[in-house]
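K.L.:
Okay, so here is query-v6.json, and as you'll see once you scroll down, it has JSON, C-alpha atoms.
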[["chain", "number", "residue", "atom", "x", "y", "z"],
["I", 289, "MET", "CA", -9.94, 6.76, 33.65],
["I", 290, "VAL", "CA", -9.01, 8.24, 37.03],
["I", 291, "LYS", "CA", -5.97, 6.83, 38.80],
["I", 292, "SER", "CA", -6.69, 5.66, 42.34],
["I", 293, "SER", "CA", -4.37, 6.60, 45.19],
["I", 294, "LYS", "CA", -3.55, 2.90, 45.59],
["I", 295, "ILE", "CA", -2.38, 2.73, 41.98],
["I", 296, "LEU", "CA", -0.34, 5.91, 42.39],
["I", 297, "ASP", "CA", 1.42, 4.50, 45.47],
["I", 298, "LEU", "CA", 2.21, 1.14, 43.89],
["I", 299, "PRO", "CA", 5.50, 1.87, 42.04],
["I", 300, "GLN", "CA", 7.29, 3.47, 45.00],
["I", 301, "GLY", "CA", 10.57, 1.62, 45.64],
["I", 302, "LEU", "CA", 10.07, -0.88, 42.81],
["I", 303, "ALA", "CA", 12.44, -1.48, 39.90],
["I", 304, "GLY", "CA", 10.53, -1.28, 36.66],
["I", 305, "GLU", "CA", 8.58, 0.86, 34.26],
["I", 306, "PHE", "CA", 5.12, 2.04, 35.28],
["I", 307, "LEU", "CA", 2.68, 3.63, 32.84],
["I", 308, "PHE", "CA", -0.67, 5.10, 33.86],
["I", 309, "ASN", "CA", -3.80, 5.00, 31.68],
["I", 310, "GLU", "CA", -1.76, 3.13, 29.09],
["I", 311, "PRO", "CA", -3.71, 2.09, 25.94],
["I", 312, "LEU", "CA", -3.62, -1.69, 25.63],
["I", 313, "SER", "CA", -3.94, -1.36, 21.86],
["I", 314, "GLY", "CA", -0.19, -0.80, 21.82],
["I", 315, "HIS", "CA", 0.50, -4.04, 23.68],
["I", 316, "THR", "CA", -1.63, -6.58, 21.78],
["I", 317, "SER", "CA", -1.24, -8.09, 18.31],
["I", 318, "PHE", "CA", -4.90, -7.14, 17.63],
["I", 319, "ARG", "CA", -4.00, -3.45, 18.10],
["I", 320, "ILE", "CA", -7.24, -3.09, 20.04],
["I", 321, "GLY", "CA", -7.93, -2.13, 23.64],
["I", 322, "GLY", "CA", -8.70, 0.71, 26.02],
["I", 323, "PRO", "CA", -6.43, 1.97, 28.81],
["I", 324, "ALA", "CA", -5.05, -0.06, 31.68],
["I", 325, "GLU", "CA", -5.23, 1.88, 34.93],
["I", 326, "MET", "CA", -1.57, 0.97, 35.26],
["I", 327, "LEU", "CA", 0.79, -1.06, 33.07],
["I", 328, "ALA", "CA", 3.70, -2.40, 35.12],
["I", 329, "ILE", "CA", 6.86, -3.78, 33.50],
["I", 330, "PRO", "CA", 9.01, -5.22, 36.33],
["I", 331, "TYR", "CA", 12.73, -5.53, 35.64],
["I", 332, "GLY", "CA", 13.14, -9.01, 37.09],
["I", 333, "GLU", "CA", 11.73, -11.70, 39.35],
["I", 334, "HIS", "CA", 12.61, -9.84, 42.57],
["I", 335, "SER", "CA", 10.78, -6.66, 41.56],
["I", 336, "LEU", "CA", 7.88, -8.77, 40.27],
["I", 337, "ALA", "CA", 7.60, -10.50, 43.66],
["I", 338, "GLU", "CA", 7.58, -7.15, 45.45],
["I", 339, "LEU", "CA", 4.95, -5.85, 43.04],
["I", 340, "LEU", "CA", 2.69, -8.84, 43.66],
["I", 341, "VAL", "CA", 2.99, -8.38, 47.41],
["I", 342, "LYS", "CA", 1.94, -4.73, 47.10],
["I", 343, "ILE", "CA", -0.93, -5.59, 44.77],
["I", 344, "LYS", "CA", -2.26, -8.20, 47.20],
["I", 345, "ARG", "CA", -1.85, -5.89, 50.18],
["I", 346, "GLN", "CA", -3.86, -3.18, 48.43],
["I", 347, "LYS", "CA", -6.44, -5.67, 47.10],
["I", 348, "LEU", "CA", -6.02, -4.65, 43.47],
["I", 349, "ASN", "CA", -6.91, -6.67, 40.39],
["I", 350, "TYR", "CA", -4.08, -7.74, 38.11],
["I", 351, "TYR", "CA", -3.63, -9.44, 34.75],
["I", 352, "VAL", "CA", -0.41, -10.86, 33.32],
["I", 353, "LEU", "CA", 0.50, -9.99, 29.74],
["I", 354, "GLY", "CA", 3.22, -11.29, 27.45],
["I", 355, "ASN", "CA", 3.29, -10.30, 23.79],
["I", 356, "GLY", "CA", -0.50, -10.03, 23.75],
["I", 357, "SER", "CA", -0.81, -12.30, 20.70],
["I", 358, "ASN", "CA", -3.83, -14.33, 21.87],
["I", 359, "LEU", "CA", -5.70, -11.51, 23.57],
["I", 360, "LEU", "CA", -8.61, -9.16, 22.95],
["I", 361, "ALA", "CA", -8.56, -6.19, 25.33],
["I", 362, "GLU", "CA", -11.94, -4.53, 25.77],
["I", 363, "ASP", "CA", -12.60, -0.93, 24.78],
["I", 364, "ARG", "CA", -13.28, 0.13, 28.35],
["I", 365, "GLY", "CA", -9.78, -0.94, 29.36],
["I", 366, "TYR", "CA", -8.80, -2.58, 32.62],
["I", 367, "LYS", "CA", -9.29, -1.33, 36.16],
["I", 368, "GLY", "CA", -6.23, -2.56, 38.00],
["I", 369, "VAL", "CA", -2.68, -3.50, 37.10],
["I", 370, "VAL", "CA", -1.62, -5.15, 33.87],
["I", 371, "ILE", "CA", 1.77, -6.78, 34.47],
["I", 372, "LYS", "CA", 3.80, -7.10, 31.29],
["I", 373, "ILE", "CA", 6.49, -9.76, 31.32],
["I", 374, "ALA", "CA", 9.16, -8.35, 29.04],
["I", 375, "ARG", "CA", 12.64, -7.02, 29.82],
["I", 376, "GLY", "CA", 14.27, -8.84, 32.71],
["I", 377, "PHE", "CA", 12.63, -12.12, 31.66],
["I", 378, "LYS", "CA", 14.49, -12.96, 28.45],
["I", 379, "ASN", "CA", 17.29, -15.31, 29.47],
["I", 380, "LEU", "CA", 18.02, -18.73, 27.98],
["I", 381, "SER", "CA", 20.60, -21.37, 28.92],
["I", 382, "ARG", "CA", 21.30, -24.88, 27.69],
["I", 383, "ASP", "CA", 22.40, -28.14, 29.30],
["I", 384, "LYS", "CA", 22.62, -30.80, 26.58],
["I", 385, "ASN", "CA", 19.04, -31.27, 25.32],
["I", 386, "ARG", "CA", 17.43, -29.24, 28.09],
["I", 387, "LEU", "CA", 16.78, -25.51, 27.93],
["I", 388, "THR", "CA", 16.05, -23.18, 30.83],
["I", 389, "VAL", "CA", 14.04, -20.31, 29.36],
["I", 390, "ASP", "CA", 12.48, -17.19, 30.89],
["I", 391, "SER", "CA", 8.79, -16.61, 30.21],
["I", 392, "GLY", "CA", 9.39, -13.34, 28.38],
["I", 393, "TYR", "CA", 11.58, -15.03, 25.78],
["I", 394, "SER", "CA", 10.24, -14.60, 22.26],
["I", 395, "LEU", "CA", 8.73, -17.76, 20.79],
["I", 396, "PRO", "CA", 10.12, -17.03, 17.29],
["I", 397, "ALA", "CA", 13.57, -16.46, 18.83],
["I", 398, "LEU", "CA", 13.28, -19.77, 20.71],
["I", 399, "VAL", "CA", 12.36, -21.63, 17.52],
["I", 400, "ASP", "CA", 15.33, -20.08, 15.69],
["I", 401, "TYR", "CA", 17.69, -20.96, 18.56],
["I", 402, "CYS", "CA", 16.57, -24.59, 18.52],
["I", 403, "ALA", "CA", 17.11, -24.79, 14.75],
["I", 404, "ARG", "CA", 20.64, -23.37, 15.03],
["I", 405, "GLU", "CA", 21.52, -25.76, 17.84],
["I", 406, "GLY", "CA", 20.06, -28.86, 16.21],
["I", 407, "LEU", "CA", 17.29, -29.31, 18.77],
["I", 408, "SER", "CA", 13.98, -30.66, 17.49],
["I", 409, "GLY", "CA", 10.52, -30.27, 19.04],
["I", 410, "MET", "CA", 9.62, -26.61, 18.54],
["I", 411, "GLU", "CA", 9.33, -26.51, 14.73],
["I", 412, "TRP", "CA", 5.52, -26.28, 14.93],
["I", 413, "ALA", "CA", 5.80, -22.84, 16.59],
["I", 414, "VAL", "CA", 7.55, -21.12, 13.67],
["I", 415, "GLY", "CA", 5.77, -17.88, 12.81],
["I", 416, "ILE", "CA", 3.72, -17.69, 16.02],
["I", 417, "PRO", "CA", 4.27, -14.15, 17.37],
["I", 418, "GLY", "CA", 4.09, -14.85, 21.09],
["I", 419, "SER", "CA", 6.25, -15.30, 24.16],
["I", 420, "LEU", "CA", 7.09, -18.54, 25.94],
["I", 421, "GLY", "CA", 4.91, -17.54, 28.89],
["I", 422, "GLY", "CA", 1.86, -17.04, 26.71],
["I", 423, "ALA", "CA", 2.48, -20.34, 24.93],
["I", 424, "LEU", "CA", 2.68, -22.12, 28.30],
["I", 425, "VAL", "CA", -0.52, -20.49, 29.57],
["I", 426, "MET", "CA", -2.62, -21.79, 26.66],
["I", 427, "ASN", "CA", -0.58, -24.88, 25.74],
["I", 428, "ALA", "CA", -0.07, -23.44, 22.29],
["I", 429, "GLY", "CA", 0.31, -25.86, 19.42],
["I", 430, "ALA", "CA", 0.08, -26.42, 15.68],
["I", 431, "TYR", "CA", 0.84, -29.04, 13.03],
["I", 432, "GLY", "CA", 0.63, -31.90, 15.51],
["I", 433, "GLY", "CA", 2.93, -30.34, 18.14],
["I", 434, "GLN", "CA", 2.25, -28.49, 21.38],
["I", 435, "MET", "CA", 4.08, -26.97, 24.35],
["I", 436, "ALA", "CA", 3.17, -29.88, 26.60],
["I", 437, "ASP", "CA", 5.36, -32.17, 24.48],
["I", 438, "SER", "CA", 8.53, -30.39, 25.63],
["I", 439, "VAL", "CA", 7.77, -29.11, 29.14],
["I", 440, "LYS", "CA", 9.59, -30.69, 32.10],
["I", 441, "LYS", "CA", 8.95, -27.96, 34.69],
["I", 442, "VAL", "CA", 7.31, -24.55, 34.91],
["I", 443, "TRP", "CA", 8.04, -22.06, 37.67],
["I", 444, "GLY", "CA", 6.82, -18.69, 38.76],
["I", 445, "LEU", "CA", 5.34, -16.66, 41.59],
["I", 446, "THR", "CA", 2.13, -16.96, 43.59],
["I", 447, "PRO", "CA", -0.04, -13.89, 44.30],
["I", 448, "GLU", "CA", 1.89, -13.66, 47.60],
["I", 449, "GLY", "CA", 5.17, -13.32, 45.72],
["I", 450, "LYS", "CA", 6.33, -16.83, 46.71],
["I", 451, "LYS", "CA", 8.25, -19.04, 44.29],
["I", 452, "LEU", "CA", 6.48, -22.16, 43.06],
["I", 453, "LYS", "CA", 7.65, -24.92, 40.73],
["I", 454, "LEU", "CA", 5.16, -27.15, 38.90],
["I", 455, "SER", "CA", 5.44, -30.47, 37.06],
["I", 456, "PRO", "CA", 3.46, -31.22, 33.86],
["I", 457, "LYS", "CA", 1.25, -33.55, 35.90],
["I", 458, "GLN", "CA", 0.36, -30.72, 38.28],
["I", 459, "ILE", "CA", -0.37, -28.39, 35.34],
["I", 460, "ASP", "CA", -2.56, -31.01, 33.64],
["I", 461, "PHE", "CA", -2.10, -29.86, 30.04],
["I", 462, "SER", "CA", -4.92, -30.48, 27.54],
["I", 463, "TYR", "CA", -5.91, -29.16, 24.12],
["I", 464, "ARG", "CA", -5.15, -25.39, 24.13],
["I", 465, "GLN", "CA", -5.43, -25.37, 27.90],
["I", 466, "ALA", "CA", -3.27, -25.59, 31.01],
["I", 467, "ASN", "CA", -4.34, -25.43, 34.63],
["I", 468, "TYR", "CA", -2.21, -23.19, 36.83],
["I", 469, "PRO", "CA", -3.03, -22.00, 40.36],
["I", 470, "LYS", "CA", -5.17, -18.86, 40.42],
["I", 471, "GLY", "CA", -3.04, -15.73, 40.14],
["I", 472, "PHE", "CA", 0.13, -17.67, 39.31],
["I", 473, "VAL", "CA", 2.67, -15.68, 37.26],
["I", 474, "ILE", "CA", 4.95, -17.81, 35.07],
["I", 475, "THR", "CA", 8.56, -16.65, 35.07],
["I", 476, "GLY", "CA", 10.30, -19.55, 33.35],
["I", 477, "ALA", "CA", 10.36, -23.18, 32.30],
["I", 478, "GLU", "CA", 12.60, -26.13, 31.61],
["I", 479, "LEU", "CA", 12.11, -27.66, 28.19],
["I", 480, "GLU", "CA", 13.47, -30.96, 26.90],
["I", 481, "LEU", "CA", 14.07, -31.19, 23.16],
["I", 482, "LYS", "CA", 15.41, -33.97, 20.96],
["I", 483, "PRO", "CA", 18.64, -33.99, 18.96],
["I", 484, "GLY", "CA", 17.93, -33.46, 15.29],
["I", 485, "ARG", "CA", 19.59, -32.63, 12.00],
["I", 486, "ARG", "CA", 19.65, -28.90, 11.37],
["I", 487, "SER", "CA", 18.70, -29.42, 7.74],
["I", 488, "SER", "CA", 15.64, -31.51, 8.67],
["I", 489, "ILE", "CA", 14.55, -29.03, 11.35],
["I", 490, "LYS", "CA", 14.86, -26.07, 8.99],
["I", 491, "LYS", "CA", 13.04, -27.96, 6.25],
["I", 492, "ALA", "CA", 10.07, -28.60, 8.56],
["I", 493, "MET", "CA", 10.08, -24.96, 9.67],
["I", 494, "ALA", "CA", 10.10, -23.75, 6.07],
["I", 495, "LEU", "CA", 7.15, -26.01, 5.27],
["I", 496, "TYR", "CA", 5.10, -24.84, 8.25],
["I", 497, "LEU", "CA", 5.91, -21.18, 7.63],
["I", 498, "SER", "CA", 4.93, -21.53, 3.98],
["I", 499, "LYS", "CA", 1.57, -23.00, 5.05],
["I", 500, "ARG", "CA", 1.00, -20.12, 7.47],
["I", 501, "LYS", "CA", 1.73, -17.50, 4.84],
["I", 502, "LYS", "CA", -0.52, -19.24, 2.33],
["I", 503, "ASN", "CA", -3.46, -19.89, 4.65],
["I", 504, "GLN", "CA", -3.39, -17.15, 7.29],
["I", 505, "PRO", "CA", -3.94, -13.35, 7.06],
["I", 506, "LEU", "CA", -0.55, -12.44, 8.48],
["I", 507, "THR", "CA", -0.50, -8.90, 7.05],
["I", 508, "LEU", "CA", -3.40, -7.67, 9.21],
["I", 509, "PRO", "CA", -3.58, -7.34, 13.02],
["I", 510, "SER", "CA", -5.31, -10.29, 14.68],
["I", 511, "ALA", "CA", -5.15, -12.51, 17.73],
["I", 512, "GLY", "CA", -4.58, -15.71, 15.78],
["I", 513, "CYS", "CA", -7.28, -18.38, 15.81],
["I", 514, "ILE", "CA", -10.43, -17.17, 17.56],
["I", 515, "PHE", "CA", -11.97, -20.58, 18.32],
["I", 516, "LYS", "CA", -10.70, -23.98, 19.36],
["I", 517, "ASN", "CA", -11.11, -26.76, 16.82],
["I", 518, "PRO", "CA", -13.95, -29.13, 17.79],
["I", 519, "PRO", "CA", -12.89, -32.81, 18.03],
["I", 520, "GLY", "CA", -12.38, -34.24, 14.56],
["I", 521, "ASP", "CA", -13.16, -31.01, 12.74],
["I", 522, "SER", "CA", -11.83, -27.51, 12.14],
["I", 523, "ALA", "CA", -13.36, -24.24, 13.28],
["I", 524, "LYS", "CA", -12.13, -22.70, 10.02],
["I", 525, "ARG", "CA", -14.29, -25.05, 7.95],
["I", 526, "LEU", "CA", -17.33, -24.78, 10.22],
["I", 527, "ILE", "CA", -17.31, -20.98, 10.23],
["I", 528, "ALA", "CA", -17.16, -20.94, 6.42],
["I", 529, "VAL", "CA", -20.01, -23.47, 6.14],
["I", 530, "ALA", "CA", -22.05, -21.36, 8.58],
["I", 531, "GLY", "CA", -21.79, -18.48, 6.11],
["I", 532, "MET", "CA", -19.65, -16.17, 8.24],
["I", 533, "LYS", "CA", -16.52, -16.03, 6.10],
["I", 534, "GLY", "CA", -15.88, -12.42, 5.05],
["I", 535, "GLN", "CA", -18.55, -10.95, 7.35],
["I", 536, "LYS", "CA", -17.70, -7.45, 8.62],
["I", 537, "LEU", "CA", -18.67, -5.19, 11.46],
["I", 538, "GLY", "CA", -17.02, -1.79, 11.56],
["I", 539, "GLY", "CA", -13.28, -2.26, 11.30],
["I", 540, "ALA", "CA", -13.43, -5.96, 12.22],
["I", 541, "ALA", "CA", -13.86, -8.75, 9.68],
["I", 542, "VAL", "CA", -13.89, -12.52, 9.50],
["I", 543, "SER", "CA", -10.92, -13.25, 7.26],
["I", 544, "VAL", "CA", -11.64, -14.49, 3.75],
["I", 545, "LYS", "CA", -8.26, -16.24, 3.85],
["I", 546, "HIS", "CA", -8.82, -18.13, 7.10],
["I", 547, "ALA", "CA", -12.33, -18.02, 8.59],
["I", 548, "ASN", "CA", -11.07, -18.74, 12.12],
["I", 549, "PHE", "CA", -9.26, -15.38, 12.14],
["I", 550, "ILE", "CA", -10.97, -12.09, 12.87],
["I", 551, "VAL", "CA", -8.80, -9.26, 11.56],
["I", 552, "ASN", "CA", -8.53, -5.59, 12.37],
["I", 553, "GLN", "CA", -8.92, -3.84, 9.02],
["I", 554, "GLY", "CA", -8.33, -0.47, 10.63],
["I", 555, "GLY", "CA", -9.78, 1.16, 13.73],
["I", 556, "ALA", "CA", -11.65, -1.95, 14.89],
["I", 557, "LYS", "CA", -13.23, -1.87, 18.33],
["I", 558, "ALA", "CA", -13.29, -4.75, 20.78],
["I", 559, "ALA", "CA", -17.09, -4.48, 20.85],
["I", 560, "GLU", "CA", -17.15, -5.17, 17.10],
["I", 561, "VAL", "CA", -14.92, -8.22, 17.47],
["I", 562, "LEU", "CA", -17.02, -9.54, 20.36],
["I", 563, "ALA", "CA", -20.20, -9.06, 18.34],
["I", 564, "LEU", "CA", -18.69, -11.03, 15.45],
["I", 565, "ILE", "CA", -17.62, -13.79, 17.86],
["I", 566, "LYS", "CA", -21.18, -14.07, 19.20],
["I", 567, "LYS", "CA", -22.66, -14.05, 15.70],
["I", 568, "ILE", "CA", -20.28, -16.81, 14.56],
["I", 569, "GLN", "CA", -21.22, -18.90, 17.59],
["I", 570, "SER", "CA", -24.92, -18.33, 16.96],
["I", 571, "GLN", "CA", -24.74, -19.20, 13.26],
["I", 572, "ALA", "CA", -22.59, -22.28, 13.86],
["I", 573, "TYR", "CA", -25.06, -23.58, 16.43],
["I", 574, "GLN", "CA", -28.21, -22.72, 14.49],
["I", 575, "ARG", "CA", -27.00, -24.12, 11.16],
["I", 576, "LEU", "CA", -24.71, -26.93, 12.26],
["I", 577, "GLY", "CA", -25.56, -27.71, 15.87],
["I", 578, "ILE", "CA", -21.93, -27.01, 16.86],
["I", 579, "ARG", "CA", -20.92, -24.94, 19.88],
["I", 580, "LEU", "CA", -17.66, -23.15, 19.10],
["I", 581, "ILE", "CA", -15.48, -22.38, 22.14],
["I", 582, "PRO", "CA", -13.25, -19.29, 22.01],
["I", 583, "GLU", "CA", -9.50, -19.79, 22.16],
["I", 584, "VAL", "CA", -8.73, -16.08, 22.39],
["I", 585, "LYS", "CA", -8.57, -14.57, 25.90],
["I", 586, "ILE", "CA", -10.72, -11.54, 26.77],
["I", 587, "LEU", "CA", -9.21, -8.87, 29.02],
["I", 588, "GLY", "CA", -11.61, -6.60, 30.86],
["I", 589, "LYS", "CA", -14.63, -8.90, 30.78]]
Output the file's structure as C-alpha cells, nothing else.

P.N.:
Amino acid sequence: MVKSSKILDLPQGLAGEFLFNEPLSGHTSFRIGGPAEMLAIPYGEHSLAELLVKIKRQKLNYYVLGNGSNLLAEDRGYKGVVIKIARGFKNLSRDKNRLTVDSGYSLPALVDYCAREGLSGMEWAVGIPGSLGGALVMNAGAYGGQMADSVKKVWGLTPEGKKLKLSPKQIDFSYRQANYPKGFVITGAELELKPGRRSSIKKAMALYLSKRKKNQPLTLPSAGCIFKNPPGDSAKRLIAVAGMKGQKLGGAAVSVKHANFIVNQGGAKAAEVLALIKKIQSQAYQRLGIRLIPEVKILGK
C-alpha cells in the first residue's frame, strides 16, 4: 500500500503515535486484517480533535477502533486513517453511584472496579475483552444485561472536532445497536450503577465467567458472537441445526464449542471468515427460513 501525501502530512504538529501501513491483525482480537494506510493513536481529546479537523480538511476516510474485539478487518486493509482510542483515554472517576469513564477504559477493568467498590450493574460484562467505547457503540450485553441499562450520558467529538454530549434517548439504544451521529467519536460516558454487596456481585461474576469458559472457545482468536440472536431463539442453536457447526475454510472454522463463534485456528484470512459467514446465512435460510444478521463489524468493506 502506497502512502498518499495527505496521509504523510497528517501527523505534523499532533500529539500521538502514527504508524504507516500498520497490519490490523495486531489490533483485533481475531488476529486478522491487512494494513491500515495509517493507524493514529492520539494522546488525548485535544489531539484527537485536531486530528479529526485535519482528516476532514483533507477529505480522508477514517474508522474508530478500540480493542478490536467485535471486528473483522479485511485482507486488503483500509485506505484512510484508523483512529485507535487507547492511551490518553483511560481515566475513571466516581461520584457516589455514578462513574465518569473514558472510552478507552478496559471493560474487564471496569467490571473489576465495580466489584471492588460494591457497584452492581456490570456483572454481565465479565470476560468480555473490549473497551467501554466499543461496548457503547454496539450496546454490548449478555446474561440479561446491556450497556443501555447503565448509561446516563455519552460524549465525544463530531467529524469537525466539536464536543457533543448525548442522552440515552438521543442514542436510541436497541438490541446490540446504538444510533450515534455519523462520524461521531466516543470519548467517554457517565454510568449509573446500583449499590450492591461485594460478595453477591463477585458470585454473579464467577457464575457468568464459568459459563463463558464452559461454552465459548476462549483459547482461540475470534471476534465473539458473529450473529445477533433472532427474537426468541439463539443463533448458536440455529447454526448447529443448519449443519454448520465445525465447518472449516482454510484457517477459519465454525467453533464446535459454540456455533456462533468463528475462530482463527491459525493463519485465517478475512476472506475465509466472510465466506463462512455467507455460507452460514445461506444454510440457515435454506434449511430453516431464518435470516441471520451479523453482529460483528466489517472494516474495509

K.L.:
With a distance cut-off of 7 Å and all atoms listed in the file, select the neighbouring residues of range 444-458 of chain I, excluding the residue or stretch itself and same-chain residues fewer than 6 positions from it, and output the selection as an mmCIF file with C-alpha atoms, in the frame of the given file.

P.N.:
data_model
loop_
_atom_site.group_PDB
_atom_site.id
_atom_site.type_symbol
_atom_site.label_atom_id
_atom_site.label_comp_id
_atom_site.auth_asym_id
_atom_site.auth_seq_id
_atom_site.Cartn_x
_atom_site.Cartn_y
_atom_site.Cartn_z
ATOM 1 C CA ALA I 337 7.600 -10.500 43.660
ATOM 2 C CA GLU I 338 7.580 -7.150 45.450
ATOM 3 C CA LEU I 340 2.690 -8.840 43.660
ATOM 4 C CA VAL I 341 2.990 -8.380 47.410
ATOM 5 C CA LYS I 344 -2.260 -8.200 47.200
ATOM 6 C CA GLY I 471 -3.040 -15.730 40.140
ATOM 7 C CA PHE I 472 0.130 -17.670 39.310
ATOM 8 C CA VAL I 473 2.670 -15.680 37.260
ATOM 9 C CA ILE I 474 4.950 -17.810 35.070
ATOM 10 C CA THR I 475 8.560 -16.650 35.070
ATOM 11 C CA GLY I 476 10.300 -19.550 33.350
#

K.L.:
My list of candidates is I:Ala559, I:Ile581, I:Pro469, I:Leu479. Which is closest to Arg382 in chain I when distances are computed with all atoms listed in the file?

P.N.:
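Closest to Arg382 in chain I, using all atoms listed in the file: I:Leu479.
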
K.L.:
Let me make sure I understand: among I:Pro299, I:Pro582, I:Gly321, I:Gly409, which one has the smallest atom-to-atom distance to Gly365 in chain I if we use only C-alpha atoms?

P.N.:
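For Gly365 in chain I, the nearest of the given residues is I:Gly321.
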
K.L.:
What lies within 7 Å of range 305-311 of chain I using all atoms listed in the file, ignoring chain neighbours under 2 positions off, as a PDB file with C-alpha atoms, keeping the file's coordinate frame?

P.N.:
ATOM      1  CA  MET I 289      -9.940   6.760  33.650  1.00  0.00           C
ATOM      2  CA  PRO I 299       5.500   1.870  42.040  1.00  0.00           C
ATOM      3  CA  SER I 313      -3.940  -1.360  21.860  1.00  0.00           C
ATOM      4  CA  GLY I 314      -0.190  -0.800  21.820  1.00  0.00           C
ATOM      5  CA  GLY I 321      -7.930  -2.130  23.640  1.00  0.00           C
ATOM      6  CA  GLY I 322      -8.700   0.710  26.020  1.00  0.00           C
ATOM      7  CA  PRO I 323      -6.430   1.970  28.810  1.00  0.00           C
ATOM      8  CA  ALA I 324      -5.050  -0.060  31.680  1.00  0.00           C
ATOM      9  CA  GLU I 325      -5.230   1.880  34.930  1.00  0.00           C
ATOM     10  CA  MET I 326      -1.570   0.970  35.260  1.00  0.00           C
ATOM     11  CA  LEU I 327       0.790  -1.060  33.070  1.00  0.00           C
ATOM     12  CA  ALA I 328       3.700  -2.400  35.120  1.00  0.00           C
ATOM     13  CA  ILE I 329       6.860  -3.780  33.500  1.00  0.00           C
ATOM     14  CA  PRO I 330       9.010  -5.220  36.330  1.00  0.00           C
TER      15      PRO I 330
END

K.L.:
Please list as a list in words every residue within 12 Å of Gly577 in chain I, counting all atoms listed in the file and excluding residues in the same chain fewer than 3 positions away.

P.N.:
Pro518, Leu526, Val529, Ala530, Gln569, Ser570, Gln571, Ala572, Tyr573, Gln574 and Leu580 of chain I

K.L.:
Produce a file of the selected residues containing C-alpha atoms, as a compact mmCIF listing (two decimals), in the frame of the given file.

P.N.:
# COMPACT_ATOMS: atom_id res chain seq x y z
CA PRO I 518 -13.95 -29.13 17.79
CA LEU I 526 -17.33 -24.78 10.22
CA VAL I 529 -20.01 -23.47 6.14
CA ALA I 530 -22.05 -21.36 8.58
CA GLN I 569 -21.22 -18.90 17.59
CA SER I 570 -24.92 -18.33 16.96
CA GLN I 571 -24.74 -19.20 13.26
CA ALA I 572 -22.59 -22.28 13.86
CA TYR I 573 -25.06 -23.58 16.43
CA GLN I 574 -28.21 -22.72 14.49
CA LEU I 580 -17.66 -23.15 19.10

K.L.:
Could you check the closest approach to Asp460 in chain I for each of I:Tyr350, I:Gly484, I:Ile416, I:Leu424 and tell me which residue wins, using only C-alpha atoms?

P.N.:
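Closest candidate: I:Leu424.
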
K.L.:
Give me the residues within 10 Å of Lys516 in chain I as an MDAnalysis selection string, counting only C-alpha atoms and dropping any in the same chain fewer than 2 places off.

P.N.:
chainID I and resid 463:464 513:514 518:519 521:524 548 580:584
